[in-house]
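Shown below: start_28.cif, with mmCIF, C-alpha atoms and all ligand atoms.
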data_upload
#
loop_
_atom_site.label_atom_id
_atom_site.label_comp_id
_atom_site.auth_asym_id
_atom_site.auth_seq_id
_atom_site.Cartn_x
_atom_site.Cartn_y
_atom_site.Cartn_z
CA MET A 176 7.12 -25.34 42.07
CA GLU A 177 6.41 -22.36 39.89
CA ALA A 178 2.83 -22.53 38.52
CA THR A 179 2.94 -22.77 34.73
CA ILE A 180 1.37 -19.75 33.22
CA THR A 181 -1.36 -20.81 30.79
CA GLU A 182 -1.72 -19.69 27.22
CA ALA A 183 -4.94 -17.93 28.25
CA GLN A 184 -3.08 -15.93 30.89
CA LEU A 185 -0.37 -15.05 28.35
CA GLU A 186 -3.01 -13.86 25.88
CA LYS A 187 -4.71 -11.83 28.63
CA GLU A 188 -1.42 -10.13 29.56
CA PHE A 189 -0.69 -9.54 25.86
CA GLN A 190 -4.05 -7.83 25.33
CA GLN A 191 -3.45 -5.69 28.43
CA LYS A 192 -0.13 -4.55 26.93
CA ILE A 193 -1.89 -3.70 23.65
CA ASP A 194 -4.71 -1.87 25.43
CA SER A 195 -2.23 0.19 27.43
CA GLY A 196 -0.38 1.21 24.26
CA ILE A 197 2.79 -0.82 24.88
CA VAL A 198 4.64 -1.48 21.62
CA ILE A 199 5.29 -5.16 20.89
CA GLU A 200 8.86 -6.02 19.89
CA PRO A 201 10.11 -9.15 18.05
CA LYS A 202 11.41 -10.85 21.22
CA ASP A 203 8.14 -10.31 23.15
CA TRP A 204 5.66 -13.14 23.60
CA MET A 205 2.81 -12.81 21.10
CA PRO A 206 -0.17 -14.97 20.11
CA GLU A 207 0.66 -17.12 17.08
CA ARG A 208 -2.36 -15.56 15.33
CA TYR A 209 -0.97 -12.03 15.90
CA ARG A 210 2.33 -13.13 14.35
CA LYS A 211 0.59 -14.77 11.37
CA GLN A 212 -1.65 -11.75 10.76
CA LEU A 213 1.34 -9.42 10.80
CA ILE A 214 3.27 -11.65 8.39
CA ARG A 215 0.28 -11.69 6.03
CA MET A 216 -0.31 -7.94 6.13
CA MET A 217 3.32 -6.79 6.17
CA SER A 218 4.57 -9.18 3.48
CA GLN A 219 1.70 -8.15 1.19
CA HIS A 220 2.52 -4.53 1.90
CA ALA A 221 6.13 -5.16 0.87
CA HIS A 222 4.98 -7.04 -2.24
CA SER A 223 2.81 -4.02 -3.13
CA GLU A 224 5.79 -1.68 -2.91
CA VAL A 225 7.91 -3.84 -5.22
CA VAL A 226 5.19 -4.64 -7.76
CA GLY A 227 4.21 -0.96 -7.62
CA MET A 228 7.57 -0.12 -9.24
CA LEU A 229 6.46 -1.74 -12.49
CA PRO A 230 3.68 0.59 -13.74
CA GLU A 231 5.76 3.70 -13.00
CA GLY A 232 9.07 2.16 -14.09
CA ASN A 233 7.55 1.84 -17.57
CA TRP A 234 7.64 5.62 -17.89
CA ILE A 235 11.17 6.45 -16.70
CA THR A 236 12.52 6.35 -20.27
CA ARG A 237 9.49 8.26 -21.56
CA ALA A 238 9.41 11.12 -19.04
CA PRO A 239 8.80 14.48 -20.80
CA SER A 240 11.94 16.16 -19.39
CA LEU A 241 15.21 15.35 -17.65
CA ASP A 242 13.85 16.83 -14.41
CA ARG A 243 10.74 14.62 -14.56
CA LYS A 244 12.90 11.59 -15.36
CA ALA A 245 15.09 12.31 -12.30
CA ILE A 246 12.04 12.76 -10.03
CA LEU A 247 10.37 9.55 -11.27
CA LEU A 248 13.64 7.62 -10.97
CA ALA A 249 13.97 8.80 -7.35
CA LYS A 250 10.38 7.79 -6.61
CA VAL A 251 10.71 4.30 -8.08
CA GLN A 252 13.98 3.79 -6.20
CA ASP A 253 12.18 4.89 -3.00
CA GLU A 254 9.49 2.25 -3.58
CA ALA A 255 12.18 -0.44 -3.88
CA GLY A 256 13.59 0.76 -0.56
CA HIS A 257 10.13 0.70 1.03
CA GLY A 258 9.73 -2.90 -0.07
CA LEU A 259 13.11 -3.95 1.34
CA TYR A 260 12.42 -2.07 4.56
CA ILE A 261 9.09 -3.82 5.11
CA TYR A 262 10.47 -7.25 4.06
CA SER A 263 13.17 -6.79 6.74
CA ALA A 264 10.54 -5.78 9.32
CA THR A 265 8.51 -8.89 8.36
CA GLU A 266 11.56 -11.14 8.77
CA THR A 267 11.64 -10.16 12.47
CA LEU A 268 8.52 -12.37 12.77
CA GLY A 269 10.43 -15.49 11.73
CA ILE A 270 9.67 -15.79 8.03
CA ASP A 271 12.51 -15.52 5.53
CA ARG A 272 12.71 -13.55 2.33
CA ALA A 273 12.77 -16.61 0.06
CA GLU A 274 9.49 -17.87 1.52
CA MET A 275 7.82 -14.49 1.03
CA MET A 276 9.07 -14.36 -2.57
CA GLU A 277 7.70 -17.86 -3.20
CA GLN A 278 4.31 -16.81 -1.79
CA LEU A 279 4.19 -13.81 -4.11
CA HIS A 280 5.40 -15.64 -7.21
CA THR A 281 2.99 -18.56 -6.77
CA GLY A 282 -0.01 -16.29 -6.15
CA LYS A 283 -0.38 -17.42 -2.51
CA ALA A 284 0.24 -13.83 -1.39
CA LYS A 285 -1.54 -10.72 -2.63
CA TYR A 286 -0.30 -7.26 -3.47
CA SER A 287 -2.33 -4.07 -3.79
CA SER A 288 -5.04 -4.22 -6.45
CA ILE A 289 -4.11 -0.76 -7.70
CA PHE A 290 -0.96 -2.00 -9.40
CA ASN A 291 -2.93 -4.20 -11.77
CA TYR A 292 -4.05 -1.22 -13.85
CA PRO A 293 -2.09 -0.03 -16.90
CA THR A 294 -0.23 3.30 -17.10
CA GLN A 295 -1.36 4.53 -20.51
CA ASN A 296 0.29 7.98 -20.62
CA TRP A 297 2.24 10.55 -18.60
CA ALA A 298 -0.88 11.82 -16.80
CA ASP A 299 -1.17 8.35 -15.23
CA ILE A 300 2.16 8.93 -13.52
CA GLY A 301 0.68 12.08 -12.00
CA ALA A 302 -2.47 10.23 -10.97
CA ILE A 303 -0.46 7.44 -9.32
CA GLY A 304 1.72 9.84 -7.33
CA TRP A 305 -1.22 12.02 -6.26
CA LEU A 306 -3.96 9.40 -5.72
CA VAL A 307 -2.15 6.10 -5.01
CA ASP A 308 0.58 7.56 -2.84
CA GLY A 309 -2.04 9.88 -1.35
CA ALA A 310 -4.07 6.84 -0.32
CA ALA A 311 -0.91 5.15 0.95
CA ILE A 312 -0.14 8.20 3.13
CA ILE A 313 -3.58 8.00 4.79
CA ASN A 314 -3.14 4.27 5.40
CA GLN A 315 0.52 4.35 6.44
CA THR A 316 0.21 7.36 8.74
CA ALA A 317 -2.19 5.23 10.78
CA LEU A 318 0.14 2.22 10.61
CA ALA A 319 2.98 4.38 11.97
CA LYS A 320 1.13 4.14 15.32
CA CYS A 321 0.45 0.39 15.13
CA SER A 322 1.28 -2.01 17.97
CA TYR A 323 4.18 -3.84 16.27
CA GLY A 324 7.45 -1.89 16.73
CA PRO A 325 9.35 -2.79 13.54
CA TYR A 326 6.27 -2.09 11.35
CA SER A 327 5.40 1.24 12.93
CA ARG A 328 9.05 2.41 12.75
CA ALA A 329 9.25 1.40 9.07
CA MET A 330 6.13 3.47 8.40
CA ILE A 331 7.57 6.61 9.99
CA ARG A 332 10.50 6.60 7.56
CA ILE A 333 8.32 5.64 4.59
CA CYS A 334 5.65 8.30 5.17
CA LYS A 335 8.25 11.07 4.79
CA GLU A 336 9.09 9.83 1.30
CA GLU A 337 5.42 9.26 0.37
CA ASN A 338 4.79 12.97 0.85
CA PHE A 339 7.35 13.76 -1.84
CA HIS A 340 5.72 11.12 -4.11
CA ASN A 341 2.28 12.59 -3.53
CA LYS A 342 3.34 16.19 -4.22
CA GLN A 343 5.25 15.42 -7.40
CA GLY A 344 2.23 13.55 -8.79
CA TYR A 345 -0.16 16.38 -7.94
CA GLN A 346 2.25 18.84 -9.59
CA ILE A 347 2.27 16.79 -12.82
CA LEU A 348 -1.54 17.02 -13.04
CA ALA A 349 -1.60 20.69 -12.01
CA TYR A 350 0.81 21.48 -14.89
CA LEU A 351 -1.29 19.49 -17.36
CA MET A 352 -4.47 21.27 -16.22
CA ARG A 353 -2.79 24.60 -17.03
CA GLY A 354 -1.77 23.26 -20.45
CA THR A 355 -3.47 22.74 -23.79
CA LYS A 356 -6.98 21.32 -24.15
CA GLU A 357 -5.46 17.95 -25.07
CA GLN A 358 -3.33 17.99 -21.93
CA GLN A 359 -6.34 18.86 -19.75
CA GLU A 360 -8.32 16.02 -21.35
CA MET A 361 -5.40 13.63 -20.72
CA ALA A 362 -5.33 14.63 -17.04
CA GLN A 363 -9.11 14.25 -16.65
CA ASP A 364 -9.02 10.88 -18.41
CA ALA A 365 -6.36 9.68 -15.92
CA MET A 366 -8.51 10.99 -13.04
CA ASN A 367 -11.48 9.03 -14.43
CA ARG A 368 -9.48 5.82 -14.71
CA TRP A 369 -7.60 5.98 -11.34
CA TRP A 370 -10.18 7.40 -8.91
CA TRP A 371 -12.26 4.29 -8.16
CA PRO A 372 -9.32 1.84 -8.13
CA SER A 373 -7.63 4.20 -5.63
CA LEU A 374 -10.67 3.91 -3.32
CA MET A 375 -10.41 0.12 -3.60
CA MET A 376 -6.87 0.29 -2.11
CA PHE A 377 -8.47 0.65 1.34
CA GLY A 378 -9.96 -2.83 1.08
CA PRO A 379 -13.51 -4.19 1.20
CA SER A 380 -16.23 -2.39 3.13
CA ASP A 381 -16.00 -2.86 6.90
CA ALA A 382 -18.93 -5.28 6.84
CA ASN A 383 -16.98 -7.50 4.42
CA SER A 384 -13.52 -7.26 6.00
CA PRO A 385 -12.73 -10.61 7.66
CA ASN A 386 -9.43 -9.41 9.14
CA SER A 387 -10.31 -5.95 10.49
CA ALA A 388 -11.92 -6.86 13.83
CA GLU A 389 -8.90 -8.87 15.01
CA LEU A 390 -6.38 -6.37 13.63
CA MET A 391 -8.17 -3.51 15.36
CA ARG A 392 -8.39 -5.42 18.66
CA TRP A 393 -4.63 -5.80 18.48
CA LYS A 394 -4.14 -2.16 17.33
CA VAL A 395 -2.43 -3.23 14.14
CA LYS A 396 -5.18 -1.36 12.33
CA LEU A 397 -6.14 1.81 14.21
CA HIS A 398 -8.95 2.74 11.84
CA SER A 399 -11.35 0.74 9.71
CA ASN A 400 -11.13 0.41 5.92
CA ASP A 401 -14.16 2.67 5.44
CA ASP A 402 -12.88 5.32 7.88
CA LEU A 403 -9.55 5.63 6.08
CA ARG A 404 -11.29 5.64 2.68
CA GLN A 405 -13.53 8.51 3.84
CA ARG A 406 -10.49 10.43 5.11
CA PHE A 407 -8.85 10.03 1.70
CA ILE A 408 -11.97 11.27 -0.12
CA ASP A 409 -12.40 14.26 2.20
CA ARG A 410 -8.72 15.23 1.70
CA THR A 411 -8.54 14.65 -2.05
CA VAL A 412 -11.74 16.19 -3.42
CA PRO A 413 -10.71 19.80 -2.59
CA GLN A 414 -7.30 19.13 -4.19
CA ALA A 415 -9.00 17.99 -7.41
CA GLU A 416 -11.25 21.04 -7.43
CA ALA A 417 -8.26 23.35 -6.86
CA ILE A 418 -6.73 22.36 -10.22
CA GLY A 419 -9.99 21.98 -12.12
CA LEU A 420 -10.29 18.19 -12.18
CA THR A 421 -13.72 16.57 -11.87
CA ILE A 422 -14.17 13.53 -9.61
CA PRO A 423 -15.90 10.81 -11.69
CA ASP A 424 -18.73 10.26 -9.18
CA ASP A 425 -22.07 11.97 -9.82
CA LYS A 426 -23.21 11.18 -6.26
CA LEU A 427 -20.31 13.08 -4.69
CA ARG A 428 -21.44 16.03 -2.58
CA TRP A 429 -20.40 17.73 0.66
CA ASN A 430 -22.68 16.84 3.56
CA PRO A 431 -22.77 19.82 6.00
CA ASP A 432 -24.35 17.65 8.72
CA THR A 433 -21.67 14.94 8.77
CA ARG A 434 -18.94 17.31 7.50
CA HIS A 435 -17.81 14.58 5.11
CA TYR A 436 -18.40 13.95 1.42
CA ASP A 437 -21.22 11.61 0.51
CA TRP A 438 -20.19 9.54 -2.47
CA GLY A 439 -21.32 6.74 -4.77
CA GLU A 440 -20.67 3.01 -4.67
CA ILE A 441 -17.49 1.07 -5.49
CA ASN A 442 -17.81 -1.65 -8.13
CA TRP A 443 -17.07 -4.55 -5.76
CA ASP A 444 -17.26 -7.11 -8.56
CA GLU A 445 -14.29 -5.33 -10.15
CA PHE A 446 -12.45 -5.23 -6.80
CA TYR A 447 -12.85 -8.95 -6.12
CA ALA A 448 -12.00 -9.83 -9.73
CA VAL A 449 -8.74 -7.85 -9.53
CA ILE A 450 -7.67 -9.28 -6.14
CA SER A 451 -8.39 -12.81 -7.38
CA GLY A 452 -5.94 -12.34 -10.24
CA ASN A 453 -8.27 -11.19 -13.01
CA GLY A 454 -7.40 -7.53 -13.31
CA PRO A 455 -6.12 -5.82 -16.49
CA CYS A 456 -2.41 -6.38 -15.71
CA ASN A 457 -2.17 -9.18 -13.10
CA HIS A 458 -0.47 -11.67 -15.43
CA GLU A 459 1.90 -9.05 -16.87
CA ARG A 460 2.94 -7.91 -13.38
CA MET A 461 3.52 -11.45 -12.10
CA SER A 462 5.56 -12.55 -15.11
CA ALA A 463 7.67 -9.38 -14.79
CA ARG A 464 8.31 -10.09 -11.10
CA VAL A 465 9.06 -13.80 -11.60
CA GLY A 466 11.31 -12.94 -14.56
CA ALA A 467 13.23 -10.33 -12.57
CA HIS A 468 13.65 -12.78 -9.68
CA GLU A 469 15.02 -15.45 -12.01
CA LYS A 470 17.40 -12.97 -13.68
CA GLY A 471 18.66 -11.94 -10.23
CA ARG A 472 19.36 -15.54 -9.11
CA TRP A 473 23.07 -15.30 -9.97
CA VAL A 474 23.44 -12.17 -7.81
CA ARG A 475 21.88 -13.92 -4.81
CA GLU A 476 24.04 -17.01 -5.34
CA ALA A 477 27.23 -14.93 -5.72
CA ALA A 478 26.44 -12.97 -2.54
CA ALA A 479 25.74 -16.19 -0.64
CA ALA A 480 28.99 -17.78 -1.90
CA TYR A 481 30.97 -14.69 -0.87
CA ALA A 482 29.33 -14.67 2.56
CA GLN A 483 30.08 -18.39 2.95
CA LYS A 484 33.76 -17.91 2.02
CA HIS A 485 34.59 -14.60 3.71
CA LEU A 486 32.08 -13.97 6.45
CA ASN A 487 31.79 -17.31 8.29
N1 LIG B 501 -5.56 -5.17 -2.92
C1 LIG B 501 -5.34 -6.50 -2.77
N2 LIG B 501 -5.90 -7.25 -1.77
C2 LIG B 501 -6.68 -6.58 -0.90
C3 LIG B 501 -6.93 -5.19 -0.99
C4 LIG B 501 -6.33 -4.50 -2.06
N3 LIG B 501 -6.53 -3.19 -2.23
N4 LIG B 501 -7.74 -4.84 0.04
C5 LIG B 501 -7.99 -5.98 0.73
N5 LIG B 501 -7.37 -7.01 0.16
C6 LIG B 501 -7.44 -8.41 0.58
C7 LIG B 501 -6.78 -8.62 1.94
O1 LIG B 501 -5.38 -8.85 1.79
C8 LIG B 501 -7.54 -9.85 2.43
O2 LIG B 501 -7.06 -10.99 1.76
P1 LIG B 501 -6.09 -12.03 2.52
O3 LIG B 501 -6.77 -12.39 3.81
O4 LIG B 501 -5.96 -13.17 1.55
O5 LIG B 501 -4.79 -11.29 2.74
C9 LIG B 501 -8.96 -9.64 1.87
O6 LIG B 501 -8.81 -8.74 0.76
C10 LIG B 501 -9.93 -9.08 2.90
O7 LIG B 501 -9.55 -7.75 3.21
P2 LIG B 501 -9.42 -7.28 4.73
O8 LIG B 501 -9.92 -5.89 4.81
O9 LIG B 501 -10.03 -8.31 5.64
O10 LIG B 501 -7.85 -7.35 4.89
P3 LIG B 501 -6.95 -6.39 5.81
O11 LIG B 501 -7.58 -6.22 7.13
O12 LIG B 501 -5.60 -6.93 5.72
O13 LIG B 501 -7.04 -4.95 5.07
C11 LIG B 501 -5.51 -3.59 3.78
C12 LIG B 501 -6.50 -4.78 3.76
C13 LIG B 501 -6.29 -2.32 4.06
C14 LIG B 501 -4.78 -3.50 2.44
C15 LIG B 501 -4.51 -3.85 4.92
O14 LIG B 501 -3.93 -5.13 4.70
C16 LIG B 501 -3.39 -2.81 4.99
O15 LIG B 501 -3.60 -1.72 5.47
N6 LIG B 501 -2.19 -3.22 4.56
C17 LIG B 501 -1.00 -2.38 4.74
C18 LIG B 501 -0.92 -1.29 3.70
C19 LIG B 501 -0.79 -1.84 2.30
O16 LIG B 501 -0.60 -3.00 2.08
N7 LIG B 501 -0.93 -0.98 1.33
C20 LIG B 501 -0.87 -1.42 -0.06
C21 LIG B 501 -0.45 -0.30 -0.92
S1 LIG B 501 1.25 0.04 -0.73
C22 LIG B 501 1.44 1.37 -1.67
O17 LIG B 501 0.52 1.95 -2.10
C23 LIG B 501 2.83 1.80 -1.94
C24 LIG B 501 2.93 3.24 -2.25
O18 LIG B 501 4.26 3.62 -2.05
C25 LIG B 501 2.56 3.53 -3.65
#

Mind turning the file's structure into structure tokens?
Ligand code: 3HC
Amino acid sequence: MEATITEAQLEKEFQQKIDSGIVIEPKDWMPERYRKQLIRMMSQHAHSEVVGMLPEGNWITRAPSLDRKAILLAKVQDEAGHGLYIYSATETLGIDRAEMMEQLHTGKAKYSSIFNYPTQNWADIGAIGWLVDGAAIINQTALAKCSYGPYSRAMIRICKEENFHNKQGYQILAYLMRGTKEQQEMAQDAMNRWWWPSLMMFGPSDANSPNSAELMRWKVKLHSNDDLRQRFIDRTVPQAEAIGLTIPDDKLRWNPDTRHYDWGEINWDEFYAVISGNGPCNHERMSARVGAHEKGRWVREAAAAYAQKHLN
């Protein structure tokens, strides 16, 4: 009689696959905790993409030129695609779209803190593209090598588009910094308002990250929150200096010994307030998402009725 393989042996074999760099596919055996962690992280990533359309979408009709309108329209459409891509990758883990939507709309699921800040003027659209998508590139480039096949493949496609997002945002600020005094002040004000919330995108400090150890053991996260944050700072500071923007951190300085920037301290009270629903725009973002979902109900019902009638 074939000996039954124990859960412990299955977990041991699973960890050996992870340690040897084998990519896990939906049909492979995986610990229930691995599946749950991926659903949490991936669905919240998808939510972030979709909610992230709101602050920028506000400015499509107010773009300063037809070219800028076309570029912003393309970017916002890309973000919608990123969300759908990652929702589909998450569904391979056995959760359906309706359940993920319900988790977002009832506040059970999070989305990135950064999208709870208001976009006050056109310079904010530059700051989002340059800083927010810049932070996303650092994070998602790492995820493109993660252990779960559908997630890593989604990231490869998404990172290509993020680079366009990042460059168009940087170009907006570079133009403003070559403009009038008012335009330069507008760009610097956006820098001041978006710098620290962009650093918060990478999550709590490593010492306060309850999920990182497990996610790194399973090579879902290949680098820690603080490591990726430092990479983002090291990459972005020279870009700011190149166009004459000042980073709003008086402790920022290059450390020749570590060959990284030393920098100040994130306001963690602000971070935890925003991720618990008390940021400047949390309520506005959620009511916009719930409203859009309600308005789209008839489309989902019509598609389901058509599928029922013609495709079964
Ligand atoms: N915003 C909201 N919640 C955050 C957060 C943030 N910036 N950083 C951390 N959190 C939450 C975590 O979700 C977790 O809460 P939960 O257990 O209820 O889900 C808690 O704070 C503790 O944080 P951990 O560090 O333990 O959590 P993780 O190990 O999951 O790390 C993360 C957080 C770095 C965001 C990680 O989940 C991750 O890399 N996710 C994938 C990338 C992603 O979601 N990016 C969001 C931006 S997408 C984007 O920018 C789109 C671009 O096109 C503009």

Residues near Ile312 (chain A), cut-off 8 Å, all atoms listed in the file, skip fewer than 6 positions along chain, as a PDB file with C-alpha atoms, keeping the file's coordinate frame:
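Output file part_15.pdb is given in full below:
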ATOM      1  CA  CYS A 334       5.650   8.300   5.170  1.00  0.00           C
ATOM      2  CA  GLU A 337       5.420   9.260   0.370  1.00  0.00           C
ATOM      3  CA  ASN A 338       4.790  12.970   0.850  1.00  0.00           C
TER       4      ASN A 338
END

Enclose ligand LIG 501 (chain B), meaning all of its atoms listed in the file, in a box aligned along x, y and z, pad it by 6 Å on each side, and list the centre and edge lengths in Å to one decimal, as JSON.
{"center_x": -2.9, "center_y": -4.8, "center_z": 1.7, "size_x": 26.3, "size_y": 28.8, "size_z": 22.8}

Problem set entry | Site check for ligand LIG 501 (chain B): residues at most 7 Å away, all atoms listed in the file, as number ranges by chain | A: 215-217, 219-220, 223-224, 227, 254, 284-289, 307-308, 310-311, 314-315, 337, 375-379, 384-387, 390, 400, 450

For this session: Record the distance separating CA of Phe290 (chain A) and CA of Glu231 (chain A), expressed in Å with one decimal.
Result: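 Computing the Euclidean distance for CA of Phe290 (chain A) and CA of Glu231 (chain A) yields 9.5 Å.
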
Exercise. Which residue gives the smallest distance to Pro325 (chain A) among A:Ser399, A:Ser263, A:Thr281, A:Asn291, with all atoms listed in the file counted?
Worked result: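 Of the candidates, the smallest distance to Pro325 (chain A) is held by A:Ser263.
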
For this session: Figure out the distance between CA of Phe339 (chain A) and CA of Gly304 (chain A), please, to one decimal in Å.
Result: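 That distance, rounded to one decimal, is 8.8 Å.
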
For this session: Find the residue from A:Thr267, A:Thr294, A:Thr411, A:Ser322 that sits nearest to Arg237 (chain A); use all atoms listed in the file when measuring.
Result: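 Nearest to Arg237 (chain A): A:Thr294.
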
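Distance check against Glu360 (chain A) using all atoms listed in the file: of A:Thr421, A:Arg404, A:Glu336, A:Lys320, the minimum falls on A:Thr421.
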
Exercise. Do you know which residues are at most 12 Å from region 340-346 of chain A counting only C-alpha atoms, after dropping those on the same chain fewer than 2 positions away, and could you put them as a ChimeraX atom specification?
Worked result: /A:231,242-254,297-313,333-338,348-353,362,365-366,411,414-415,417-418,420

Output file for the residues above (C-alpha atoms, as a PDB file, in the coordinates of the input):
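The resulting file, part_16.pdb, is shown below:
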ATOM      1  CA  GLU A 231       5.760   3.700 -13.000  1.00  0.00           C
ATOM      2  CA  ASP A 242      13.850  16.830 -14.410  1.00  0.00           C
ATOM      3  CA  ARG A 243      10.740  14.620 -14.560  1.00  0.00           C
ATOM      4  CA  LYS A 244      12.900  11.590 -15.360  1.00  0.00           C
ATOM      5  CA  ALA A 245      15.090  12.310 -12.300  1.00  0.00           C
ATOM      6  CA  ILE A 246      12.040  12.760 -10.030  1.00  0.00           C
ATOM      7  CA  LEU A 247      10.370   9.550 -11.270  1.00  0.00           C
ATOM      8  CA  LEU A 248      13.640   7.620 -10.970  1.00  0.00           C
ATOM      9  CA  ALA A 249      13.970   8.800  -7.350  1.00  0.00           C
ATOM     10  CA  LYS A 250      10.380   7.790  -6.610  1.00  0.00           C
ATOM     11  CA  VAL A 251      10.710   4.300  -8.080  1.00  0.00           C
ATOM     12  CA  GLN A 252      13.980   3.790  -6.200  1.00  0.00           C
ATOM     13  CA  ASP A 253      12.180   4.890  -3.000  1.00  0.00           C
ATOM     14  CA  GLU A 254       9.490   2.250  -3.580  1.00  0.00           C
ATOM     15  CA  TRP A 297       2.240  10.550 -18.600  1.00  0.00           C
ATOM     16  CA  ALA A 298      -0.880  11.820 -16.800  1.00  0.00           C
ATOM     17  CA  ASP A 299      -1.170   8.350 -15.230  1.00  0.00           C
ATOM     18  CA  ILE A 300       2.160   8.930 -13.520  1.00  0.00           C
ATOM     19  CA  GLY A 301       0.680  12.080 -12.000  1.00  0.00           C
ATOM     20  CA  ALA A 302      -2.470  10.230 -10.970  1.00  0.00           C
ATOM     21  CA  ILE A 303      -0.460   7.440  -9.320  1.00  0.00           C
ATOM     22  CA  GLY A 304       1.720   9.840  -7.330  1.00  0.00           C
ATOM     23  CA  TRP A 305      -1.220  12.020  -6.260  1.00  0.00           C
ATOM     24  CA  LEU A 306      -3.960   9.400  -5.720  1.00  0.00           C
ATOM     25  CA  VAL A 307      -2.150   6.100  -5.010  1.00  0.00           C
ATOM     26  CA  ASP A 308       0.580   7.560  -2.840  1.00  0.00           C
ATOM     27  CA  GLY A 309      -2.040   9.880  -1.350  1.00  0.00           C
ATOM     28  CA  ALA A 310      -4.070   6.840  -0.320  1.00  0.00           C
ATOM     29  CA  ALA A 311      -0.910   5.150   0.950  1.00  0.00           C
ATOM     30  CA  ILE A 312      -0.140   8.200   3.130  1.00  0.00           C
ATOM     31  CA  ILE A 313      -3.580   8.000   4.790  1.00  0.00           C
ATOM     32  CA  ILE A 333       8.320   5.640   4.590  1.00  0.00           C
ATOM     33  CA  CYS A 334       5.650   8.300   5.170  1.00  0.00           C
ATOM     34  CA  LYS A 335       8.250  11.070   4.790  1.00  0.00           C
ATOM     35  CA  GLU A 336       9.090   9.830   1.300  1.00  0.00           C
ATOM     36  CA  GLU A 337       5.420   9.260   0.370  1.00  0.00           C
ATOM     37  CA  ASN A 338       4.790  12.970   0.850  1.00  0.00           C
ATOM     38  CA  LEU A 348      -1.540  17.020 -13.040  1.00  0.00           C
ATOM     39  CA  ALA A 349      -1.600  20.690 -12.010  1.00  0.00           C
ATOM     40  CA  TYR A 350       0.810  21.480 -14.890  1.00  0.00           C
ATOM     41  CA  LEU A 351      -1.290  19.490 -17.360  1.00  0.00           C
ATOM     42  CA  MET A 352      -4.470  21.270 -16.220  1.00  0.00           C
ATOM     43  CA  ARG A 353      -2.790  24.600 -17.030  1.00  0.00           C
ATOM     44  CA  ALA A 362      -5.330  14.630 -17.040  1.00  0.00           C
ATOM     45  CA  ALA A 365      -6.360   9.680 -15.920  1.00  0.00           C
ATOM     46  CA  MET A 366      -8.510  10.990 -13.040  1.00  0.00           C
ATOM     47  CA  THR A 411      -8.540  14.650  -2.050  1.00  0.00           C
ATOM     48  CA  GLN A 414      -7.300  19.130  -4.190  1.00  0.00           C
ATOM     49  CA  ALA A 415      -9.000  17.990  -7.410  1.00  0.00           C
ATOM     50  CA  ALA A 417      -8.260  23.350  -6.860  1.00  0.00           C
ATOM     51  CA  ILE A 418      -6.730  22.360 -10.220  1.00  0.00           C
ATOM     52  CA  LEU A 420     -10.290  18.190 -12.180  1.00  0.00           C
TER      53      LEU A 420
END

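The shortest atom-to-atom distance to Leu259 (chain A), with all atoms listed in the file taken into account, belongs to A:Val225 out of A:Val225, A:Ala238, A:Ile408, A:Phe446.
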
Exercise. Could you work out how far CA of Glu440 (chain A) lies from CA of Ile347 (chain A), giving the answer in Å with one decimal?
Worked result: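 For CA of Ile347 (chain A) relative to CA of Glu440 (chain A), the distance reads 28.0 Å.
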
Any idea what's packed within 7 Å of Tyr323 (chain A), counting only C-alpha atoms, ignoring anything in its chain fewer than 4 positions away? Could you give it as a CSV table (one decimal) with C-alpha atoms, in the coordinates of the input?
chain,number,residue,atom,x,y,z
A,198,VAL,CA,4.6,-1.5,21.6
A,199,ILE,CA,5.3,-5.2,20.9
A,200,GLU,CA,8.9,-6.0,19.9
A,327,SER,CA,5.4,1.2,12.9
A,395,VAL,CA,-2.4,-3.2,14.1

Problem set entry | Distance criterion (all atoms listed in the file): nearest to Pro372 (chain A) out of A:Pro293, A:Trp473, A:Asp271, A:Met461 |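 Residue with the minimum atom-to-atom distance to Pro372 (chain A): A:Pro293.
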
Exercise. If you count all atoms listed in the file, which residues fall within 12 Å of Ala183 (chain A), apart from same-chain ones fewer than 6 positions away, as a list in words?
Worked result: Phe189, Gln190, Met205 and Pro206 of chain A

Problem set entry | Closest of A:Trp429, A:Tyr262, A:Tyr209, A:Tyr447 to Glu186 (chain A) - atom-to-atom distances counting only C-alpha atoms | A:Tyr209
